[in-house]
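**Q** Structure file input.tsv (TSV, C-alpha atoms) right here:
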chain	number	residue	atom	x	y	z
A	22	MET	CA	60.51	-40.13	-44.48
A	23	SER	CA	58.42	-37.57	-46.42
A	24	SER	CA	59.05	-33.91	-45.64
A	25	MET	CA	56.60	-31.84	-43.58
A	26	ALA	CA	54.48	-29.42	-45.66
A	27	SER	CA	54.15	-25.85	-44.35
A	28	LEU	CA	50.86	-24.01	-44.11
A	29	ASP	CA	50.26	-20.43	-43.02
A	30	ARG	CA	46.56	-20.92	-42.19
A	31	ALA	CA	44.38	-24.02	-42.02
A	32	ASN	CA	40.83	-24.01	-43.37
A	33	VAL	CA	38.42	-25.27	-40.69
A	34	LEU	CA	34.78	-26.17	-41.38
A	35	LEU	CA	32.46	-26.32	-38.37
A	36	MET	CA	29.07	-27.86	-39.14
A	37	ILE	CA	25.76	-28.19	-37.29
A	38	ASP	CA	22.07	-28.73	-38.03
A	39	ASP	CA	21.18	-25.10	-37.27
A	40	LEU	CA	22.16	-22.26	-34.95
A	41	CYS	CA	19.19	-22.23	-32.58
A	42	LEU	CA	19.55	-21.22	-28.91
A	43	GLY	CA	21.10	-24.47	-27.71
A	44	GLY	CA	24.20	-25.46	-25.79
A	45	ALA	CA	26.03	-27.23	-28.63
A	46	GLU	CA	25.10	-24.41	-31.00
A	47	ARG	CA	26.53	-21.81	-28.63
A	48	GLN	CA	29.75	-23.80	-28.23
A	49	LEU	CA	30.19	-23.91	-32.01
A	50	VAL	CA	29.72	-20.14	-32.14
A	51	GLU	CA	32.27	-19.57	-29.36
A	52	LEU	CA	34.78	-21.88	-31.04
A	53	ALA	CA	34.31	-20.20	-34.44
A	54	LYS	CA	34.78	-16.75	-32.94
A	55	GLY	CA	37.64	-17.76	-30.67
A	56	LEU	CA	39.91	-19.59	-33.12
A	57	ASP	CA	43.06	-17.61	-33.91
A	58	LYS	CA	42.29	-16.05	-37.29
A	59	GLN	CA	46.01	-15.66	-38.01
A	60	ARG	CA	46.20	-19.46	-38.08
A	61	PHE	CA	42.69	-20.66	-38.98
A	62	ARG	CA	40.11	-19.61	-41.57
A	63	VAL	CA	36.65	-20.61	-40.34
A	64	LEU	CA	33.69	-21.71	-42.43
A	65	ALA	CA	30.52	-22.33	-40.37
A	66	VAL	CA	27.96	-24.45	-42.22
A	67	THR	CA	24.38	-25.25	-41.19
A	68	LEU	CA	21.91	-27.69	-42.68
A	69	TYR	CA	19.03	-25.29	-42.05
A	70	PRO	CA	19.17	-21.46	-42.04
A	71	GLY	CA	17.38	-18.73	-40.13
A	72	GLN	CA	18.18	-19.30	-36.44
A	73	PRO	CA	19.10	-16.62	-33.85
A	74	LEU	CA	22.75	-17.49	-33.19
A	75	GLU	CA	23.62	-16.83	-36.83
A	76	ARG	CA	23.71	-13.15	-35.84
A	77	ASP	CA	26.69	-13.86	-33.57
A	78	LEU	CA	28.75	-14.96	-36.59
A	79	GLU	CA	27.58	-12.57	-39.27
A	80	GLY	CA	30.18	-9.94	-40.09
A	81	GLN	CA	32.89	-11.53	-37.94
A	82	ASP	CA	36.40	-11.23	-39.36
A	83	GLY	CA	37.82	-14.54	-40.51
A	84	ILE	CA	34.43	-16.33	-40.41
A	85	ARG	CA	32.12	-17.19	-43.28
A	86	LEU	CA	28.62	-18.51	-42.63
A	87	LEU	CA	26.54	-20.43	-45.14
A	88	SER	CA	23.67	-22.92	-45.16
A	89	LEU	CA	23.10	-26.02	-47.25
A	90	ASN	CA	19.34	-25.27	-47.13
A	91	ARG	CA	18.24	-28.82	-46.46
A	92	LYS	CA	14.58	-29.25	-47.44
A	93	GLY	CA	13.61	-31.76	-44.76
A	94	LYS	CA	14.69	-34.89	-42.94
A	95	PHE	CA	14.47	-36.99	-46.10
A	96	ASP	CA	16.62	-34.61	-48.16
A	97	PHE	CA	19.93	-36.37	-48.82
A	98	GLY	CA	20.63	-34.27	-51.90
A	99	ILE	CA	22.86	-31.91	-49.91
A	100	LEU	CA	25.62	-34.53	-49.73
A	101	LEU	CA	27.23	-33.97	-53.14
A	102	PRO	CA	27.10	-30.14	-52.86
A	103	LEU	CA	28.83	-30.53	-49.49
A	104	VAL	CA	31.54	-32.71	-51.05
A	105	ARG	CA	32.09	-30.07	-53.72
A	106	LEU	CA	32.22	-27.36	-51.06
A	107	LEU	CA	34.90	-29.21	-49.10
A	108	ARG	CA	37.03	-29.59	-52.21
A	109	ARG	CA	36.49	-26.05	-53.47
A	110	GLU	CA	37.40	-24.52	-50.11
A	111	SER	CA	40.39	-26.87	-49.60
A	112	ILE	CA	39.16	-27.76	-46.11
A	113	HIS	CA	41.92	-29.12	-43.89
A	114	VAL	CA	39.84	-29.77	-40.74
A	115	ILE	CA	36.14	-30.64	-40.47
A	116	GLN	CA	34.31	-30.82	-37.15
A	117	PRO	CA	30.56	-31.50	-37.20
A	118	PHE	CA	28.29	-31.12	-34.16
A	119	LEU	CA	25.15	-33.22	-33.52
A	120	SER	CA	23.10	-35.48	-35.80
A	121	PRO	CA	22.45	-35.46	-38.71
A	122	ALA	CA	25.21	-32.89	-39.38
A	123	THR	CA	27.75	-35.47	-38.22
A	124	PHE	CA	26.47	-38.04	-40.70
A	125	PHE	CA	26.61	-35.62	-43.63
A	126	GLY	CA	29.88	-34.01	-42.53
A	127	LEU	CA	31.80	-37.26	-42.04
A	128	THR	CA	30.43	-38.89	-45.19
A	129	ALA	CA	31.32	-35.87	-47.32
A	130	ALA	CA	34.73	-35.54	-45.65
A	131	VAL	CA	35.61	-39.17	-46.46
A	132	LEU	CA	34.53	-38.67	-50.09
A	133	ALA	CA	36.40	-35.35	-50.38
A	134	ARG	CA	39.48	-36.73	-48.58
A	135	VAL	CA	39.58	-34.00	-45.95
A	136	PRO	CA	42.86	-34.56	-44.06
A	137	VAL	CA	41.55	-34.10	-40.48
A	138	LYS	CA	38.13	-35.26	-39.31
A	139	VAL	CA	36.95	-34.57	-35.74
A	140	VAL	CA	33.77	-36.10	-34.30
A	141	THR	CA	32.03	-34.21	-31.48
A	142	GLU	CA	29.98	-35.95	-28.76
A	143	ARG	CA	27.83	-33.54	-26.72
A	144	CYS	CA	25.97	-36.03	-24.52
A	145	GLY	CA	27.15	-37.86	-21.42
A	146	VAL	CA	24.44	-40.50	-21.69
A	147	ARG	CA	21.51	-41.30	-23.99
A	148	ARG	CA	18.84	-43.50	-22.43
A	149	ASP	CA	15.68	-42.59	-24.31
A	150	THR	CA	16.29	-42.22	-28.03
A	151	LYS	CA	14.05	-42.35	-31.08
A	152	LEU	CA	14.42	-44.72	-34.01
A	153	GLY	CA	15.78	-42.01	-36.30
A	154	GLU	CA	18.40	-40.95	-33.75
A	155	ASN	CA	19.46	-44.56	-33.24
A	156	LEU	CA	19.86	-45.08	-36.99
A	157	TYR	CA	21.99	-41.95	-37.38
A	158	ARG	CA	24.11	-42.95	-34.39
A	159	PHE	CA	24.60	-46.47	-35.76
A	160	VAL	CA	25.89	-45.07	-39.06
A	161	GLU	CA	27.93	-42.33	-37.38
A	162	ASP	CA	29.65	-44.83	-35.09
A	163	ARG	CA	30.82	-46.75	-38.15
A	164	LEU	CA	31.88	-43.58	-39.93
A	165	THR	CA	33.90	-42.63	-36.85
A	166	ARG	CA	36.46	-45.28	-37.78
A	167	PHE	CA	37.45	-42.86	-40.57
A	168	ALA	CA	37.74	-39.94	-38.13
A	169	ASP	CA	40.99	-38.97	-36.44
A	170	VAL	CA	39.53	-38.15	-33.02
A	171	ALA	CA	36.18	-38.19	-31.24
A	172	VAL	CA	35.96	-35.29	-28.77
A	173	ALA	CA	33.51	-35.44	-25.87
A	174	ASN	CA	32.74	-32.47	-23.64
A	175	SER	CA	32.78	-34.65	-20.51
A	176	GLN	CA	34.49	-37.81	-19.31
A	177	SER	CA	31.04	-39.34	-19.15
A	178	GLY	CA	30.69	-38.57	-22.86
A	179	ALA	CA	34.07	-40.16	-23.58
A	180	ASP	CA	32.98	-43.29	-21.68
A	181	PHE	CA	29.77	-43.26	-23.71
A	182	LEU	CA	31.83	-43.22	-26.93
A	183	VAL	CA	33.92	-46.16	-25.73
A	184	SER	CA	30.75	-48.09	-24.83
A	185	ARG	CA	29.70	-47.73	-28.48
A	186	GLY	CA	32.90	-49.39	-29.71
A	187	ILE	CA	35.02	-46.30	-30.32
A	188	GLY	CA	38.54	-46.98	-29.09
A	189	THR	CA	39.97	-45.07	-26.15
A	190	GLU	CA	42.92	-44.04	-28.34
A	191	LYS	CA	40.49	-42.04	-30.47
A	192	THR	CA	38.68	-40.25	-27.65
A	193	ARG	CA	39.53	-36.90	-26.08
A	194	VAL	CA	37.78	-34.70	-23.53
A	195	ILE	CA	37.53	-30.94	-24.05
A	196	TYR	CA	35.11	-29.32	-21.63
A	197	ASN	CA	32.83	-26.48	-22.70
A	198	GLY	CA	34.00	-22.91	-22.39
A	199	VAL	CA	31.80	-20.06	-21.17
A	200	ASN	CA	32.17	-16.52	-22.45
A	201	ALA	CA	32.76	-13.86	-19.78
A	202	GLU	CA	29.58	-12.04	-20.90
A	203	ARG	CA	27.55	-15.11	-19.93
A	204	VAL	CA	28.72	-14.84	-16.30
A	205	THR	CA	28.50	-11.08	-15.95
A	206	THR	CA	25.60	-9.19	-14.41
A	207	THR	CA	25.09	-6.50	-11.80
A	208	GLU	CA	23.05	-6.24	-8.63
A	209	ALA	CA	21.03	-3.46	-10.25
A	210	GLU	CA	20.10	-5.69	-13.19
A	211	VAL	CA	19.04	-8.48	-10.86
A	212	VAL	CA	16.96	-6.21	-8.61
A	213	THR	CA	15.18	-4.73	-11.63
A	214	LEU	CA	14.50	-8.12	-13.20
A	215	ARG	CA	13.12	-9.61	-9.99
A	216	ALA	CA	10.86	-6.59	-9.52
A	217	ASN	CA	9.61	-6.80	-13.11
A	218	LEU	CA	8.84	-10.51	-12.70
A	219	GLY	CA	7.05	-9.95	-9.39
A	220	ILE	CA	9.52	-12.02	-7.38
A	221	ALA	CA	11.40	-9.22	-5.64
A	222	ALA	CA	11.19	-10.51	-2.07
A	223	ALA	CA	10.77	-14.25	-2.60
A	224	PRO	CA	13.34	-17.03	-2.52
A	225	VAL	CA	13.71	-17.87	-6.21
A	226	ILE	CA	14.47	-21.38	-7.43
A	227	GLY	CA	15.33	-21.34	-11.10
A	228	ILE	CA	16.28	-23.43	-14.10
A	229	VAL	CA	17.57	-22.57	-17.57
A	230	ALA	CA	16.90	-25.31	-20.12
A	231	SER	CA	14.96	-26.20	-23.23
A	232	LEU	CA	11.45	-27.39	-22.45
A	233	THR	CA	12.13	-30.92	-23.68
A	234	ALA	CA	11.83	-34.40	-22.18
A	235	PRO	CA	15.54	-34.94	-21.30
A	236	LYS	CA	15.45	-31.92	-18.94
A	237	ASP	CA	12.65	-33.61	-16.92
A	238	PHE	CA	10.62	-30.55	-15.95
A	239	PRO	CA	7.88	-32.73	-14.37
A	240	THR	CA	10.38	-33.62	-11.63
A	241	PHE	CA	11.27	-29.94	-11.26
A	242	LEU	CA	7.60	-28.98	-10.92
A	243	ARG	CA	6.76	-31.79	-8.49
A	244	GLY	CA	9.77	-30.75	-6.43
A	245	ALA	CA	8.55	-27.16	-6.61
A	246	SER	CA	5.21	-28.22	-5.14
A	247	ILE	CA	7.00	-29.76	-2.14
A	248	ILE	CA	9.21	-26.67	-1.72
A	249	ARG	CA	6.23	-24.31	-1.94
A	250	ASP	CA	4.44	-26.26	0.81
A	251	ALA	CA	7.46	-25.71	3.06
A	252	VAL	CA	8.17	-22.13	1.92
A	253	PRO	CA	4.89	-20.58	0.69
A	254	LEU	CA	6.63	-17.44	-0.63
A	255	ALA	CA	9.00	-19.44	-2.85
A	256	ARG	CA	8.87	-18.67	-6.56
A	257	PHE	CA	10.07	-20.79	-9.47
A	258	LEU	CA	11.59	-19.23	-12.57
A	259	ILE	CA	11.83	-21.29	-15.77
A	260	VAL	CA	14.02	-19.74	-18.48
A	261	GLY	CA	13.78	-21.42	-21.87
A	262	ASP	CA	11.21	-22.62	-24.33
A	263	GLY	CA	10.37	-25.71	-26.31
A	264	PRO	CA	7.68	-28.13	-27.46
A	265	LEU	CA	6.53	-29.04	-23.95
A	266	ARG	CA	5.71	-25.51	-22.78
A	267	ARG	CA	1.93	-25.76	-22.95
A	268	GLU	CA	1.96	-29.19	-21.29
A	269	LEU	CA	4.20	-27.90	-18.48
A	270	GLU	CA	2.08	-24.80	-17.94
A	271	GLY	CA	-0.90	-27.11	-17.55
A	272	MET	CA	0.99	-29.31	-15.11
A	273	ALA	CA	1.97	-26.27	-13.02
A	274	ALA	CA	-1.68	-25.29	-12.82
A	275	GLN	CA	-2.73	-28.82	-11.83
A	276	LEU	CA	-0.17	-28.77	-9.02
A	277	GLY	CA	-1.55	-25.47	-7.76
A	278	LEU	CA	1.60	-23.63	-8.81
A	279	ALA	CA	0.09	-21.27	-11.38
A	280	ASP	CA	0.84	-18.23	-9.19
A	281	SER	CA	4.26	-19.52	-8.12
A	282	VAL	CA	5.89	-20.44	-11.45
A	283	VAL	CA	7.09	-17.90	-14.02
A	284	PHE	CA	7.76	-19.13	-17.57
A	285	ALA	CA	10.20	-16.54	-18.94
A	286	GLY	CA	10.69	-18.13	-22.39
A	287	HIS	CA	13.85	-17.90	-24.49
A	288	GLN	CA	16.30	-15.22	-23.38
A	289	MET	CA	19.34	-14.18	-25.40
A	290	ARG	CA	20.97	-12.81	-22.24
A	291	VAL	CA	20.55	-15.21	-19.33
A	292	ALA	CA	23.10	-13.90	-16.80
A	293	PRO	CA	20.63	-11.56	-14.99
A	294	PHE	CA	18.12	-14.42	-14.75
A	295	ILE	CA	20.65	-16.86	-13.31
A	296	GLY	CA	21.92	-14.08	-11.04
A	297	SER	CA	18.38	-13.74	-9.67
A	298	PHE	CA	18.23	-17.38	-8.54
A	299	ASP	CA	18.66	-18.17	-4.86
A	300	VAL	CA	19.13	-21.78	-5.96
A	301	ALA	CA	19.94	-22.95	-9.50
A	302	VAL	CA	18.45	-26.36	-10.34
A	303	LEU	CA	19.07	-28.77	-13.21
A	304	SER	CA	16.64	-31.71	-13.18
A	305	SER	CA	17.88	-33.59	-16.29
A	306	CYS	CA	17.24	-37.30	-16.60
A	307	ASP	CA	19.05	-37.90	-19.92
A	308	TYR	CA	21.58	-36.65	-22.50
A	309	GLU	CA	23.48	-34.28	-20.16
A	310	GLY	CA	27.16	-33.87	-21.05
A	311	CYS	CA	28.84	-30.63	-20.00
A	312	SER	CA	26.02	-28.26	-19.12
A	313	ASN	CA	26.64	-24.64	-20.11
A	314	TYR	CA	23.94	-23.60	-17.66
A	315	LEU	CA	25.60	-25.33	-14.71
A	316	LEU	CA	28.90	-23.66	-15.58
A	317	GLU	CA	27.18	-20.27	-15.85
A	318	ALA	CA	25.51	-20.74	-12.46
A	319	MET	CA	28.85	-21.69	-10.93
A	320	GLY	CA	30.55	-18.70	-12.54
A	321	LEU	CA	27.83	-16.38	-11.24
A	322	GLY	CA	28.14	-17.70	-7.70
A	323	ARG	CA	24.73	-19.35	-7.54
A	324	PRO	CA	24.31	-22.48	-5.39
A	325	VAL	CA	23.51	-25.51	-7.54
A	326	VAL	CA	21.32	-28.59	-7.17
A	327	ALA	CA	21.75	-30.98	-10.11
A	328	THR	CA	20.80	-34.55	-10.92
A	329	ASP	CA	23.58	-37.10	-10.66
A	330	ILE	CA	23.65	-38.01	-14.34
A	331	GLY	CA	26.06	-37.81	-17.25
A	332	GLY	CA	28.63	-35.05	-16.96
A	333	ASN	CA	26.80	-33.21	-14.16
A	334	ARG	CA	28.85	-35.02	-11.52
A	335	GLU	CA	32.07	-33.82	-13.17
A	336	LEU	CA	31.08	-30.18	-12.69
A	337	VAL	CA	29.14	-30.43	-9.44
A	338	ARG	CA	31.07	-32.27	-6.75
A	339	HIS	CA	28.54	-33.20	-4.11
A	340	GLY	CA	29.01	-31.26	-0.89
A	341	GLU	CA	31.96	-29.36	-2.39
A	342	THR	CA	30.71	-27.26	-5.32
A	343	GLY	CA	26.99	-28.03	-5.11
A	344	LEU	CA	24.52	-30.78	-4.28
A	345	LEU	CA	23.69	-33.82	-6.41
A	346	VAL	CA	20.40	-35.72	-6.25
A	347	PRO	CA	19.14	-38.86	-8.01
A	348	PRO	CA	17.27	-38.23	-11.29
A	349	ARG	CA	13.46	-38.43	-11.29
A	350	ASP	CA	13.29	-37.93	-7.51
A	351	PRO	CA	11.23	-34.80	-6.70
A	352	ALA	CA	11.48	-35.34	-2.93
A	353	ALA	CA	15.30	-35.50	-3.01
A	354	LEU	CA	15.45	-32.44	-5.26
A	355	ALA	CA	13.15	-30.50	-2.93
A	356	ALA	CA	15.13	-31.53	0.16
A	357	ALA	CA	18.41	-30.37	-1.38
A	358	VAL	CA	16.90	-27.02	-2.41
A	359	LEU	CA	15.43	-26.46	1.05
A	360	THR	CA	18.82	-27.23	2.60
A	361	LEU	CA	20.38	-24.43	0.55
A	362	VAL	CA	17.53	-22.03	1.26
A	363	ASP	CA	18.02	-22.56	5.01
A	364	ASP	CA	21.82	-22.83	5.29
A	365	ARG	CA	23.54	-19.65	4.09
A	366	ALA	CA	26.91	-20.73	5.50
A	367	LEU	CA	26.78	-23.87	3.36
A	368	VAL	CA	25.77	-21.77	0.36
A	369	SER	CA	28.77	-19.47	0.83
A	370	ARG	CA	31.18	-22.41	1.05
A	371	LEU	CA	29.73	-24.18	-1.99
A	372	THR	CA	29.56	-21.11	-4.22
A	373	ASP	CA	33.12	-19.99	-3.39
A	374	ALA	CA	34.41	-23.43	-4.34
A	375	ALA	CA	32.20	-23.64	-7.44
A	376	ARG	CA	33.32	-20.28	-8.78
A	377	ALA	CA	36.97	-21.15	-8.19
A	378	ARG	CA	36.45	-24.41	-10.09
A	379	PHE	CA	34.76	-22.57	-12.94
A	380	LEU	CA	37.59	-20.05	-13.24
A	381	ALA	CA	40.20	-22.81	-13.11
A	382	GLY	CA	39.29	-24.32	-16.45
A	383	PHE	CA	35.99	-23.49	-18.12
A	384	SER	CA	36.62	-20.25	-20.00
A	385	VAL	CA	36.25	-19.92	-23.78
A	386	PRO	CA	39.99	-19.20	-24.22
A	387	THR	CA	40.83	-22.45	-22.41
A	388	MET	CA	38.43	-24.45	-24.58
A	389	VAL	CA	39.57	-22.81	-27.83
A	390	ARG	CA	43.25	-23.26	-27.03
A	391	GLN	CA	42.70	-26.99	-26.53
A	392	TYR	CA	40.95	-27.32	-29.89
A	393	GLU	CA	43.71	-25.36	-31.62
A	394	GLN	CA	46.33	-27.65	-30.11
A	395	LEU	CA	44.30	-30.68	-31.21
A	396	TYR	CA	43.96	-29.38	-34.77
A	397	GLU	CA	47.69	-28.67	-34.97
A	398	GLU	CA	48.56	-32.11	-33.60
A	399	LEU	CA	46.28	-33.85	-36.09
A	400	LEU	CA	47.54	-31.77	-39.01
A	401	GLN	CA	51.11	-32.68	-38.12
A	402	ARG	CA	50.11	-36.34	-38.17
A	403	ARG	CA	49.03	-35.71	-41.76
A	404	GLY	CA	52.35	-34.07	-42.57
A	405	VAL	CA	51.20	-30.43	-42.32
A	406	ARG	CA	52.85	-27.85	-40.07
A	407	LEU	CA	51.31	-24.44	-39.29
A	408	THR	CA	53.97	-21.75	-39.62
A	409	SER	CA	52.17	-18.78	-38.02
A	410	ALA	CA	52.70	-18.22	-34.30
A	411	PRO	CA	49.71	-18.44	-31.92
A	412	VAL	CA	48.39	-15.22	-30.39
A	413	GLY	CA	48.20	-14.59	-26.65
A	414	ARG	CA	44.87	-14.80	-24.82
A	415	LYS	CA	43.43	-13.71	-21.54
A	416	THR	CA	43.87	-16.06	-18.63
A	417	ASN	CA	40.87	-17.25	-16.64
A	418	GLN	CA	41.85	-14.87	-13.87
A	419	GLU	CA	41.90	-11.92	-16.27
A	420	MET	CA	38.49	-12.97	-17.53
A	421	ALA	CA	37.22	-13.09	-13.95
A	422	ALA	CA	38.08	-9.43	-13.43
A	423	GLY	CA	35.10	-8.53	-15.63
A	424	VAL	CA	32.59	-10.70	-13.80
A	425	SER	CA	30.11	-8.96	-11.53
A	426	VAL	CA	27.54	-10.87	-9.51
A	427	ARG	CA	24.83	-10.10	-7.00
A	428	GLU	CA	25.97	-10.09	-3.41
A	429	GLU	CA	24.76	-12.97	-1.26
A	430	GLY	CA	21.49	-12.24	0.48
A	431	SER	CA	20.51	-9.23	-1.68
A	432	GLN	CA	17.04	-9.30	-3.17
Now that the file is in, can you turn its structure into structure tokens?

**A**
Amino acid sequence: MSSMASLDRANVLLMIDDLCLGGAERQLVELAKGLDKQRFRVLAVTLYPGQPLERDLEGQDGIRLLSLNRKGKFDFGILLPLVRLLRRESIHVIQPFLSPATFFGLTAAVLARVPVKVVTERCGVRRDTKLGENLYRFVEDRLTRFADVAVANSQSGADFLVSRGIGTEKTRVIYNGVNAERVTTTEAEVVTLRANLGIAAAPVIGIVASLTAPKDFPTFLRGASIIRDAVPLARFLIVGDGPLRRELEGMAAQLGLADSVVFAGHQMRVAPFIGSFDVAVLSSCDYEGCSNYLLEAMGLGRPVVATDIGGNRELVRHGETGLLVPPRDPAALAAAVLTLVDDRALVSRLTDAARARFLAGFSVPTMVRQYEQLYEELLQRRGVRLTSAPVGRKTNQEMAAGVSVREEGSQ
């Protein structure tokens, strides 16, 4: 038997298309920042530069950030520079997020003979995909046979991997982790925000999501029309931006909701917005794996109505930690929201259970620790042992001590 090689620190390369304000992008940032820098050197690589979350990594000890400056979707010339980068930096572990970063990352890792290759699946289901996405996924699924592990952020995502021919022995589930700052706000912040938005005294039904087709905002808006008919003072707060904004603003006007819906756009700090919701809604019809937004709403003690799709059902247990409704069903969504608006005892029971579930296993330290253990396990398979001892981290309960949320019933 060959002897085990010793290594003080492993070089980890995390790769993604860009660092825009998205869920997968935020998880990469949290992982890069959270990895024990006594044991892991982190190189974060993007295909395209210039996005907001880069600021969260710039100047961080133990993290280097660089971009391959891809020129467009037909630019495959970044592959050889990436291979050279992997060799020059002696990368031990590569973990790409999303397409096409996964295609480039895995291909380069195979060519550069990177010891440990981790695939990351962020979706729990993909029903409506474009030709380009299907082609990348076809190639990535075949490249995955060269990977050590495919990590999904939900069991639904792991099942999705298996349905694509990736063996169960290669799949793992590591749920998303949410930073304490993302579930921390104060009653004063919430009161001020609601006043500034002109929704101080109204029941507020809100959603935080990119304005894209998989989030199914038409169902949210049609449900809002039903809710507004039953509760004329109800207001609807949409936090996020995207290519469908103008179309959705027009739809809100056509439904007679122009004075009832507030489009707040992208927000770097979303906790006060979520804290202002009387009901937090997620109307997704596709792609949903482990929703950061649902976790944040649960951590902030907001009652949740979510569509029964992908990984949503793993976070929101119907009647226990929230309410689930069928996708693309505005009437069911509206009925669930109105139930929560009317039944404060139910809200209290659901939110207490949801917050307890959040604190039990969805913190950043929990997520990072699981990835560190995975990296170490895979390195040992390759005959490499990390010699430095892991550092201690806050428990979920210690993290919870810093969380402050609006009291139930306050406006």

**Q** Any chance you could work out the axis-aligned box around stretch 280-298 of chain A, listed atoms only, 4 Å on each side, giving centre and edge lengths in Å to one decimal, as JSON?

**A**
{"center_x": 12.0, "center_y": -16.0, "center_z": -16.8, "size_x": 30.3, "size_y": 16.9, "size_z": 25.3}

**Q** For A:Leu100, work out the shell of residues within 8 Å, counting only C-alpha atoms and skipping chain neighbours fewer than 5 positions away, then give it as a list in words.

**A**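 Residues meeting the cut-off are Phe125, Thr128 and Ala129 of chain A.
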
**Q** Using all atoms listed in the file, which of A:Asp82, A:Glu210, A:Asp96, A:Asp39 sits nearest A:Val66?

**A** A:Asp39

**Q** Please determine, counting all atoms listed in the file, which residue among A:Ala223, A:Ala173, A:Val211, A:Val139 has the shortest atom-to-atom distance to A:Arg193.

**A**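 Selected residue with least distance to A:Arg193: A:Ala173.
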
**Q** Pick out the closest residue to A:Arg108 from this set: A:Arg266, A:Arg203, A:Arg91, A:Arg134. Count only C-alpha atoms.

**A** A:Arg134

**Q** Can you tell me which residues surround A:Ala377 at a distance of at most 12 Å, considering all atoms listed in the file, apart from same-chain residues fewer than 3 positions away, and format the answer as number ranges by chain?

**A** A: 316, 319-322, 336, 341-342, 370-374, 380-384, 417-418, 421

**Q** I'd like to know which of A:Asp329, A:Glu398, A:Glu335, A:Asp162 is closest to A:Val302, using all atoms listed in the file.

**A** A:Asp329
